[in-house]
Amino acid sequence: MTAIRKSNHRMTGFSQEGDSAIFNMEEDFGAHHYERINLVVRRAEGCWLTDENGNKYLDCLAAYSAANPGHHHPKITQAVMEALTGNYASVISNVVYSDPLGVFLSKAAKFAPQMAPRFGNHGNKVLPKNGGVESVETAIKAMRYFGWKQKGIEDGKQEIIVFNNNFHGRTISVVSFSSSKKYSEGFGPLTGGFVSVEFGDIFAVKKAINKNTCGILVEPMQGEGGMKLPPKGFLKGLRTLCDENDLLLVCDEIQVGMGRTGKKFCFEHEGIVPDGVILGKALSGGLIPLSVFITNAKIMDMVFSKGSDGSTFGGYPLACVAGSAALDVFEQEKLAEKATQKGKILKEKIEAIARKSPHVKEVRGKGLFIGIEVKEGNAMEFCTKLLNLGLIVNDSHGHTIRISPPLIITDEEIDFMVQQLEKVLVG
């Protein structure tokens, strides 16, 4: 397998505009809020991205886990196309019902184990939104309302414990508790009510709990924070503290859920069940923005009443059609099991490279969520070299090369990836 697979004709994709014109359009008319590499992707299929010259690149990011089932998965794509041509895709007013929403809510609620089992076996309920950060905001609302209604905390004094180097999105509320200055600087006044402690330090969490604490928001494994796993027993410790102090434990699984780490949910690695879970990205197979907050029906009904929340496009028919199809694909194609199997193979091969490399400090991860930390803290330099060899990768926290390909990656594609990694990391 080679990085270059030339097409016999120019790949135009959506437009006839050349790459240089696209670069200029983004420069002249777009906000400069992303650091991009000079590659215009014209087509995406399976694990591969194609440029205008027909060059193919192995996608080792999967859009930060949004494309877990692969780009344009045929079953999800077909479901979306049928919805469009069948005239049941359009957004409609939330004053009426739609069958795509009802079906999707049922599937999503049953997809998760019983949330917050200490509140009783009432089943789960789902509140759908668009991007993942909207569902993070929904979870924050739920924790704060719970603190006020259930615990009697004075409204406005509720506190939520979060973790250093977290990444939950970029709304004002969320960047207010980011430990990355570049996410929040100049955007004040910032939102209060959050206490940040060291990720993995259960004693720091215990010390931070006070009479106003209403919940804990955690990524079971940090992605943007450097592909970090917490110490064994950390999530169990959080579960115990929440039970003892009547707090809601919410897991943000936007990046690490949907099979990414080899389990349906990352929290399953420690055998716990949170009180709520946030999903997004891969929930629609990467085709339509869709996210959810899932919690025990008793909690959902306590927090949200008619008029207390809403979203024009949250849970609209086309997104729900894609979501239902993506959930079916996840189960039918056993994507979590594939991530376990392929992740074990890939991690072992990367660890073998690390033992020979003068650059690698540590390899860590679960399933197909793997980080390669480099000693010099210059991960992006290696990412640029890998691009020239046909791999799309990015850095995490500056010091770690992030490896998170679609969960359908084949042995042949893994071998190709490993060959290119070895060229760059060993020479």
# chains A, B, ... in the order shown; residues from 1 in each chain; ligands from 1

$ closest_atom_pairs --of "stretch 217-260 of chain A" --to "stretch 139-157 of chain A" --cutoff "8 Å" --atoms "only C-alpha atoms" --output "CSV"
residue,atom,partner,partner_atom,distance
A:Asp246,CA,A:Lys151,CA,7.8
A:Leu247,CA,A:Gly147,CA,7.8
A:Leu248,CA,A:Met143,CA,6.2
A:Val250,CA,A:Ala139,CA,7.3

$ closest_atom_pairs --of "stretch 250-324 of chain A" --to "stretch 401-423 of chain A" --cutoff "12 Å" --atoms "only C-alpha atoms" --output "JSON lines"
{"residue": "A:Gln255", "atom": "CA", "partner": "A:Ser404", "partner_atom": "CA", "distance": 9.9}
{"residue": "A:Val256", "atom": "CA", "partner": "A:Ser404", "partner_atom": "CA", "distance": 10.0}
{"residue": "A:Gly257", "atom": "CA", "partner": "A:Leu407", "partner_atom": "CA", "distance": 11.9}
{"residue": "A:Met258", "atom": "CA", "partner": "A:Leu407", "partner_atom": "CA", "distance": 9.9}
{"residue": "A:Gly259", "atom": "CA", "partner": "A:Leu407", "partner_atom": "CA", "distance": 7.9}
{"residue": "A:Arg260", "atom": "CA", "partner": "A:Leu407", "partner_atom": "CA", "distance": 7.1}
{"residue": "A:Thr261", "atom": "CA", "partner": "A:Ser404", "partner_atom": "CA", "distance": 9.5}
{"residue": "A:Gly262", "atom": "CA", "partner": "A:Leu407", "partner_atom": "CA", "distance": 9.4}
{"residue": "A:Lys263", "atom": "CA", "partner": "A:Leu407", "partner_atom": "CA", "distance": 11.7}
{"residue": "A:Ala282", "atom": "CA", "partner": "A:Pro406", "partner_atom": "CA", "distance": 10.0}
{"residue": "A:Gly285", "atom": "CA", "partner": "A:Pro406", "partner_atom": "CA", "distance": 10.3}
{"residue": "A:Gly286", "atom": "CA", "partner": "A:Pro406", "partner_atom": "CA", "distance": 10.7}

$ write_last_selection --atoms "C-alpha atoms" --output "short mmCIF file (atom, residue, chain, number, x, y, z; two decimals), in the first residue's frame"
data_model
loop_
_atom_site.label_atom_id
_atom_site.label_comp_id
_atom_site.auth_asym_id
_atom_site.auth_seq_id
_atom_site.Cartn_x
_atom_site.Cartn_y
_atom_site.Cartn_z
CA GLN A 255 -14.66 11.62 22.05
CA VAL A 256 -14.13 8.38 23.98
CA GLY A 257 -17.60 6.82 23.74
CA MET A 258 -19.21 4.86 20.90
CA GLY A 259 -16.52 2.15 20.95
CA ARG A 260 -13.46 4.36 20.64
CA THR A 261 -11.59 2.82 23.60
CA GLY A 262 -12.75 -0.75 22.98
CA LYS A 263 -15.92 -0.52 25.07
CA ALA A 282 -19.85 9.56 16.16
CA GLY A 285 -21.65 8.58 11.96
CA GLY A 286 -20.06 11.98 11.35
#

$ residues_around --residues "A:Thr138" --least-positions-apart "6" --cutoff "12 Å" --atoms "only C-alpha atoms" --output "short mmCIF file (atom, residue, chain, number, x, y, z; two decimals) with N, CA and C atoms, in the first residue's frame"
data_model
loop_
_atom_site.label_atom_id
_atom_site.label_comp_id
_atom_site.auth_asym_id
_atom_site.auth_seq_id
_atom_site.Cartn_x
_atom_site.Cartn_y
_atom_site.Cartn_z
N VAL A 126 -33.59 11.04 27.18
CA VAL A 126 -32.58 11.64 26.33
C VAL A 126 -32.99 13.05 25.93
N LEU A 127 -32.05 14.00 26.02
CA LEU A 127 -32.31 15.34 25.51
C LEU A 127 -31.30 15.60 24.39
N PRO A 128 -31.78 15.70 23.13
CA PRO A 128 -30.86 15.84 21.99
C PRO A 128 -30.53 17.29 21.66
N LYS A 129 -29.32 17.50 21.21
CA LYS A 129 -28.87 18.81 20.75
C LYS A 129 -28.04 18.63 19.47
N ASN A 130 -27.25 19.61 19.14
CA ASN A 130 -26.47 19.58 17.89
C ASN A 130 -25.01 19.22 18.20
N GLY A 131 -24.14 20.22 18.38
CA GLY A 131 -22.76 19.94 18.73
C GLY A 131 -22.64 19.46 20.16
N GLY A 132 -21.55 18.73 20.44
CA GLY A 132 -21.34 18.15 21.75
C GLY A 132 -21.39 19.16 22.89
N ARG A 144 -26.73 21.63 38.13
CA ARG A 144 -27.06 22.82 38.93
C ARG A 144 -28.49 22.75 39.46
N TYR A 145 -29.42 22.35 38.60
CA TYR A 145 -30.83 22.26 39.02
C TYR A 145 -30.97 21.20 40.11
N SER A 173 -19.50 29.44 29.01
CA SER A 173 -19.53 28.69 30.26
C SER A 173 -18.42 27.65 30.31
N VAL A 174 -18.20 26.96 29.20
CA VAL A 174 -17.24 25.86 29.19
C VAL A 174 -15.79 26.36 29.19
N LEU A 217 -18.01 16.68 36.70
CA LEU A 217 -17.98 16.49 35.25
C LEU A 217 -16.60 16.00 34.85
N VAL A 250 -21.23 12.99 36.00
CA VAL A 250 -21.51 13.01 34.57
C VAL A 250 -20.23 12.75 33.79
N ASP A 252 -18.33 12.85 30.23
CA ASP A 252 -18.30 13.39 28.87
C ASP A 252 -17.61 12.36 27.99
N GLY A 276 -25.13 10.47 34.50
CA GLY A 276 -25.46 10.98 33.18
C GLY A 276 -24.28 10.82 32.25
N VAL A 277 -24.55 10.72 30.96
CA VAL A 277 -23.48 10.60 29.97
C VAL A 277 -23.78 11.52 28.80
N ILE A 278 -22.72 12.09 28.24
CA ILE A 278 -22.83 12.99 27.08
C ILE A 278 -22.20 12.29 25.89
N LEU A 279 -22.94 12.22 24.80
CA LEU A 279 -22.44 11.65 23.55
C LEU A 279 -22.59 12.67 22.43
N SER A 291 -25.96 15.47 19.18
CA SER A 291 -25.42 15.13 20.49
C SER A 291 -26.57 14.88 21.44
N VAL A 292 -26.26 14.22 22.56
CA VAL A 292 -27.30 13.93 23.55
C VAL A 292 -26.75 14.00 24.96
N PHE A 293 -27.63 14.30 25.89
CA PHE A 293 -27.39 14.07 27.30
C PHE A 293 -28.39 13.02 27.72
N ILE A 294 -27.88 11.93 28.31
CA ILE A 294 -28.71 10.81 28.74
C ILE A 294 -28.62 10.69 30.25
N THR A 295 -29.76 10.59 30.91
CA THR A 295 -29.76 10.40 32.35
C THR A 295 -30.99 9.61 32.76
N MET A 300 -34.16 13.51 34.72
CA MET A 300 -34.54 14.32 33.57
C MET A 300 -35.87 15.02 33.82
N VAL A 303 -35.53 17.95 36.30
CA VAL A 303 -34.81 19.14 35.84
C VAL A 303 -35.55 19.89 34.75
N PHE A 304 -36.07 19.18 33.76
CA PHE A 304 -36.60 19.84 32.57
C PHE A 304 -38.12 19.71 32.48
N SER A 308 -38.52 24.93 29.63
CA SER A 308 -37.26 25.17 30.34
C SER A 308 -36.03 24.93 29.47
N ASP A 309 -36.22 24.36 28.29
CA ASP A 309 -35.10 24.11 27.38
C ASP A 309 -35.67 23.93 25.98
N GLY A 310 -34.83 24.08 24.99
CA GLY A 310 -35.30 23.88 23.62
C GLY A 310 -34.19 24.12 22.61
N SER A 311 -34.41 23.66 21.39
CA SER A 311 -33.43 23.81 20.31
C SER A 311 -34.14 23.58 18.99
N GLY A 314 -32.06 20.81 17.42
CA GLY A 314 -31.71 19.70 18.30
C GLY A 314 -32.69 18.56 18.15
#

$ residues_around --residues "stretch 323-334 of chain A" --least-positions-apart "3" --cutoff "6 Å" --atoms "only C-alpha atoms" --output "mmCIF file with C-alpha atoms, in the first residue's frame"
data_model
loop_
_atom_site.group_PDB
_atom_site.id
_atom_site.type_symbol
_atom_site.label_atom_id
_atom_site.label_comp_id
_atom_site.auth_asym_id
_atom_site.auth_seq_id
_atom_site.Cartn_x
_atom_site.Cartn_y
_atom_site.Cartn_z
ATOM 1 C CA ILE A 76 -25.835 5.625 7.317
ATOM 2 C CA PHE A 104 -34.017 7.817 17.861
ATOM 3 C CA LEU A 283 -23.492 9.477 17.286
ATOM 4 C CA SER A 284 -24.572 10.249 13.706
ATOM 5 C CA GLY A 285 -21.649 8.582 11.956
ATOM 6 C CA CYS A 320 -32.285 11.501 14.079
ATOM 7 C CA GLU A 337 -14.990 -5.223 19.583
#

$ atom_distance --atom1 "atom CA of A:Gly343" --atom2 "atom CA of A:Gln222"
17.2 Å

$ atom_distance --atom1 "atom CA of A:Gly237" --atom2 "atom CA of A:Ile202"
6.5 Å

$ residues_around --residues "A:Ser178" --least-positions-apart "4" --cutoff "12 Å" --atoms "only C-alpha atoms" --output "list in words"
Ile161, Val162, Phe163, Asn164, Asn165, Asn166, Phe167, His168, Gly169, Arg170, Thr171, Ile172, Ser173, Val174, Lys182, Tyr183, Ser184, Glu185, Leu190, Thr191, Gly192, Phe194, Val195, Ser196, Val197, Glu224 and Gly225 of chain A

$ closest_residue --among "A:Asn68, A:Ser90, A:Thr85, A:Gln78" --to "A:Lys264" --atoms "only C-alpha atoms"
A:Asn68
